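Participant: Starting off with a structure, shown below.
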Amino acid sequence: MENNKPVAAAAAPTSNSAAQEFFIPDLCNVQAVFFLVLVAELLAIVLELAANGAAEFNWLSLSLTSLFVQWVFLLSAALLCLLRPHLSDWPLARAAGLCYLLILLVVTVTSVLGQGLLGAH
């Protein structure tokens with residue numbers, strides 16, 4: 001019976017390991033940012049191909065789509081990077097909900113600013 005005690009104690013997560021196993025990845029490191037930029041650019045290309053097709057591919061439209069998607073990805077990652085240490089103490093559902101609402105807010109603000117800068121009504 002004494003052999004089970006150390007195993008149970010070793011399996012108990014510490015506060016430091018709980019923060020490392022948090023559902024939001026560490027978006028503060030260079031590799032994560034590089035991966036986000038790559039995925040965002042691939043998403044912009046797919047969105048452009050889905051909208052116009054390969055026959056009517058428009059580089060100007062791709063550049064605007066890419067600019068919007070990159071801004072959304074990078075702003076969302078920066079905010080989640082700043083909030084990650086604070087959210088690790090929250091209940092999972094509340095932290096996930098806040099992350100979701102934060103990303104929706106970033107998309108909304110970026111869309112409104114983009115439409116305003118382009119002069120579209």
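Convention: chains lettered A, B, ... in structure tokens order; per-chain residue numbering from 1; ligands numbered from 1 as shown.
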Could you pull the residues within 12 Å of Leu64 (chain A), counting only C-alpha atoms, minus those fewer than 2 positions along the same chain, as an NGL selection string?

Facilitator: :A and (41 or 44-45 or 47-48 or 58-62 or 66-71 or 111 or 114-115 or 117-118)

Participant: Using DSSP on the backbone coordinates, identify all residues within region 34-71 of chain A classified as helix (DSSP H, G or I); present the result as a VMD selection string.

Facilitator: chain A and resid 34 to 52 59 to 71

Participant: Atoms to include: N, CA and C atoms. Write the selected residues as an mmCIF file, in the first residue's frame.

Facilitator:
```cif
data_model
loop_
_atom_site.group_PDB
_atom_site.id
_atom_site.type_symbol
_atom_site.label_atom_id
_atom_site.label_comp_id
_atom_site.auth_asym_id
_atom_site.auth_seq_id
_atom_site.Cartn_x
_atom_site.Cartn_y
_atom_site.Cartn_z
ATOM 1 N N PHE A 34 5.301 32.241 -35.988
ATOM 2 C CA PHE A 34 5.606 31.831 -37.365
ATOM 3 C C PHE A 34 4.529 30.884 -37.888
ATOM 4 N N PHE A 35 4.123 29.930 -37.073
ATOM 5 C CA PHE A 35 3.078 28.990 -37.477
ATOM 6 C C PHE A 35 1.756 29.723 -37.725
ATOM 7 N N LEU A 36 1.420 30.693 -36.873
ATOM 8 C CA LEU A 36 0.194 31.467 -37.076
ATOM 9 C C LEU A 36 0.239 32.265 -38.369
ATOM 10 N N VAL A 37 1.370 32.879 -38.661
ATOM 11 C CA VAL A 37 1.506 33.642 -39.908
ATOM 12 C C VAL A 37 1.353 32.719 -41.108
ATOM 13 N N LEU A 38 1.949 31.548 -41.038
ATOM 14 C CA LEU A 38 1.848 30.584 -42.133
ATOM 15 C C LEU A 38 0.408 30.110 -42.333
ATOM 16 N N VAL A 39 -0.262 29.750 -41.255
ATOM 17 C CA VAL A 39 -1.651 29.288 -41.345
ATOM 18 C C VAL A 39 -2.565 30.419 -41.820
ATOM 19 N N ALA A 40 -2.329 31.632 -41.349
ATOM 20 C CA ALA A 40 -3.143 32.766 -41.780
ATOM 21 C C ALA A 40 -2.991 33.018 -43.271
ATOM 22 N N GLU A 41 -1.775 32.912 -43.763
ATOM 23 C CA GLU A 41 -1.556 33.138 -45.194
ATOM 24 C C GLU A 41 -2.200 32.032 -46.032
ATOM 25 N N LEU A 42 -2.099 30.808 -45.567
ATOM 26 C CA LEU A 42 -2.770 29.708 -46.279
ATOM 27 C C LEU A 42 -4.281 29.900 -46.268
ATOM 28 N N LEU A 43 -4.827 30.373 -45.157
ATOM 29 C CA LEU A 43 -6.257 30.650 -45.088
ATOM 30 C C LEU A 43 -6.646 31.755 -46.069
ATOM 31 N N ALA A 44 -5.845 32.798 -46.175
ATOM 32 C CA ALA A 44 -6.128 33.884 -47.108
ATOM 33 C C ALA A 44 -6.126 33.378 -48.552
ATOM 34 N N ILE A 45 -5.194 32.506 -48.880
ATOM 35 C CA ILE A 45 -5.137 31.947 -50.240
ATOM 36 C C ILE A 45 -6.363 31.087 -50.506
ATOM 37 N N VAL A 46 -6.745 30.267 -49.547
ATOM 38 C CA VAL A 46 -7.933 29.414 -49.718
ATOM 39 C C VAL A 46 -9.189 30.266 -49.854
ATOM 40 N N LEU A 47 -9.317 31.302 -49.039
ATOM 41 C CA LEU A 47 -10.480 32.184 -49.145
ATOM 42 C C LEU A 47 -10.540 32.869 -50.509
ATOM 43 N N GLU A 48 -9.411 33.293 -51.000
ATOM 44 C CA GLU A 48 -9.377 33.954 -52.303
ATOM 45 C C GLU A 48 -9.709 32.979 -53.436
ATOM 46 N N LEU A 49 -9.170 31.779 -53.359
ATOM 47 C CA LEU A 49 -9.489 30.774 -54.375
ATOM 48 C C LEU A 49 -10.954 30.371 -54.316
ATOM 49 N N ALA A 50 -11.523 30.304 -53.129
ATOM 50 C CA ALA A 50 -12.938 29.949 -52.998
ATOM 51 C C ALA A 50 -13.833 31.061 -53.535
ATOM 52 N N ALA A 51 -13.414 32.305 -53.387
ATOM 53 C CA ALA A 51 -14.236 33.428 -53.834
ATOM 54 C C ALA A 51 -14.187 33.615 -55.353
ATOM 55 N N ASN A 52 -13.005 33.516 -55.937
ATOM 56 C CA ASN A 52 -12.849 33.841 -57.359
ATOM 57 C C ASN A 52 -12.454 32.666 -58.238
ATOM 58 N N TRP A 59 -4.606 39.232 -57.522
ATOM 59 C CA TRP A 59 -3.549 39.465 -56.549
ATOM 60 C C TRP A 59 -3.889 40.607 -55.594
ATOM 61 N N LEU A 60 -4.586 41.629 -56.090
ATOM 62 C CA LEU A 60 -4.965 42.744 -55.233
ATOM 63 C C LEU A 60 -5.953 42.288 -54.163
ATOM 64 N N SER A 61 -6.911 41.488 -54.563
ATOM 65 C CA SER A 61 -7.871 40.957 -53.598
ATOM 66 C C SER A 61 -7.181 40.044 -52.585
ATOM 67 N N LEU A 62 -6.226 39.242 -53.050
ATOM 68 C CA LEU A 62 -5.463 38.386 -52.142
ATOM 69 C C LEU A 62 -4.691 39.220 -51.132
ATOM 70 N N SER A 63 -4.115 40.332 -51.579
ATOM 71 C CA SER A 63 -3.336 41.161 -50.657
ATOM 72 C C SER A 63 -4.227 41.767 -49.566
ATOM 73 N N LEU A 64 -5.418 42.205 -49.927
ATOM 74 C CA LEU A 64 -6.333 42.762 -48.925
ATOM 75 C C LEU A 64 -6.844 41.684 -47.977
ATOM 76 N N THR A 65 -7.165 40.525 -48.517
ATOM 77 C CA THR A 65 -7.600 39.408 -47.671
ATOM 78 C C THR A 65 -6.479 38.985 -46.738
ATOM 79 N N SER A 66 -5.282 38.908 -47.268
ATOM 80 C CA SER A 66 -4.120 38.521 -46.461
ATOM 81 C C SER A 66 -3.864 39.531 -45.352
ATOM 82 N N LEU A 67 -3.958 40.809 -45.668
ATOM 83 C CA LEU A 67 -3.746 41.849 -44.674
ATOM 84 C C LEU A 67 -4.763 41.731 -43.536
ATOM 85 N N PHE A 68 -6.025 41.536 -43.887
ATOM 86 C CA PHE A 68 -7.067 41.407 -42.872
ATOM 87 C C PHE A 68 -6.844 40.171 -42.004
ATOM 88 N N VAL A 69 -6.594 39.035 -42.628
ATOM 89 C CA VAL A 69 -6.430 37.783 -41.883
ATOM 90 C C VAL A 69 -5.196 37.842 -40.992
ATOM 91 N N GLN A 70 -4.100 38.405 -41.492
ATOM 92 C CA GLN A 70 -2.882 38.514 -40.675
ATOM 93 C C GLN A 70 -3.120 39.407 -39.460
ATOM 94 N N TRP A 71 -3.795 40.535 -39.652
ATOM 95 C CA TRP A 71 -4.085 41.419 -38.526
ATOM 96 C C TRP A 71 -4.928 40.712 -37.480
#
```

Participant: Of the residues A:Glu56, A:Tyr100, A:Phe22, A:Val72, which is the one nearest to Leu113 (chain A), using only C-alpha atoms?

Facilitator: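 Closest to Leu113 (chain A), using only C-alpha atoms: A:Val72.
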
Participant: List the spatial neighbours of Pro25 (chain A) as a list in words - criterion: any atom at most 10 Å away, only C-alpha atoms, same-chain residues fewer than 5 positions off excluded.

Facilitator: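 Once the adjacent positions are removed, what remains is Gln20, Ala32, Ala77, Leu80, Cys81 and Arg84 of chain A.
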
Participant: Save the residues we just selected, N, CA and C atoms, as a JSON list (two decimals), in the first residue's frame?

Facilitator:
```json
[["chain", "number", "residue", "atom", "x", "y", "z"],
["A", 20, "GLN", "N", 1.26, 25.00, -17.51],
["A", 20, "GLN", "CA", 1.85, 24.52, -18.75],
["A", 20, "GLN", "C", 0.86, 23.69, -19.56],
["A", 32, "ALA", "N", 5.49, 29.75, -32.51],
["A", 32, "ALA", "CA", 4.03, 29.82, -32.57],
["A", 32, "ALA", "C", 3.58, 30.97, -33.48],
["A", 77, "ALA", "N", -3.58, 36.67, -31.26],
["A", 77, "ALA", "CA", -2.48, 35.96, -30.59],
["A", 77, "ALA", "C", -1.83, 36.84, -29.54],
["A", 80, "LEU", "N", -4.21, 37.02, -26.52],
["A", 80, "LEU", "CA", -4.23, 35.75, -25.80],
["A", 80, "LEU", "C", -2.91, 35.50, -25.09],
["A", 81, "CYS", "N", -1.82, 35.94, -25.68],
["A", 81, "CYS", "CA", -0.50, 35.81, -25.05],
["A", 81, "CYS", "C", -0.46, 36.60, -23.75],
["A", 84, "ARG", "N", -3.04, 34.86, -21.15],
["A", 84, "ARG", "CA", -2.86, 33.44, -20.81],
["A", 84, "ARG", "C", -2.51, 33.21, -19.35]]
```

Participant: To one decimal place in Å, what is the distance between CA of Gly53 (chain A) and CA of Gly119 (chain A)?

Facilitator: 25.9 Å

Participant: With only C-alpha atoms as the counted atoms, please give the residues lying no more than 12 Å from Ala95 (chain A), apart from itself and same-chain residues fewer than 3 positions off, as a list in words.

Facilitator: Phe22, Phe23, Ile24, Leu80, Leu83, Arg84, Pro85, His86, Leu87, Ser88, Asp89, Trp90, Pro91, Leu92, Leu98, Cys99, Tyr100, Leu101 and Leu102 of chain A
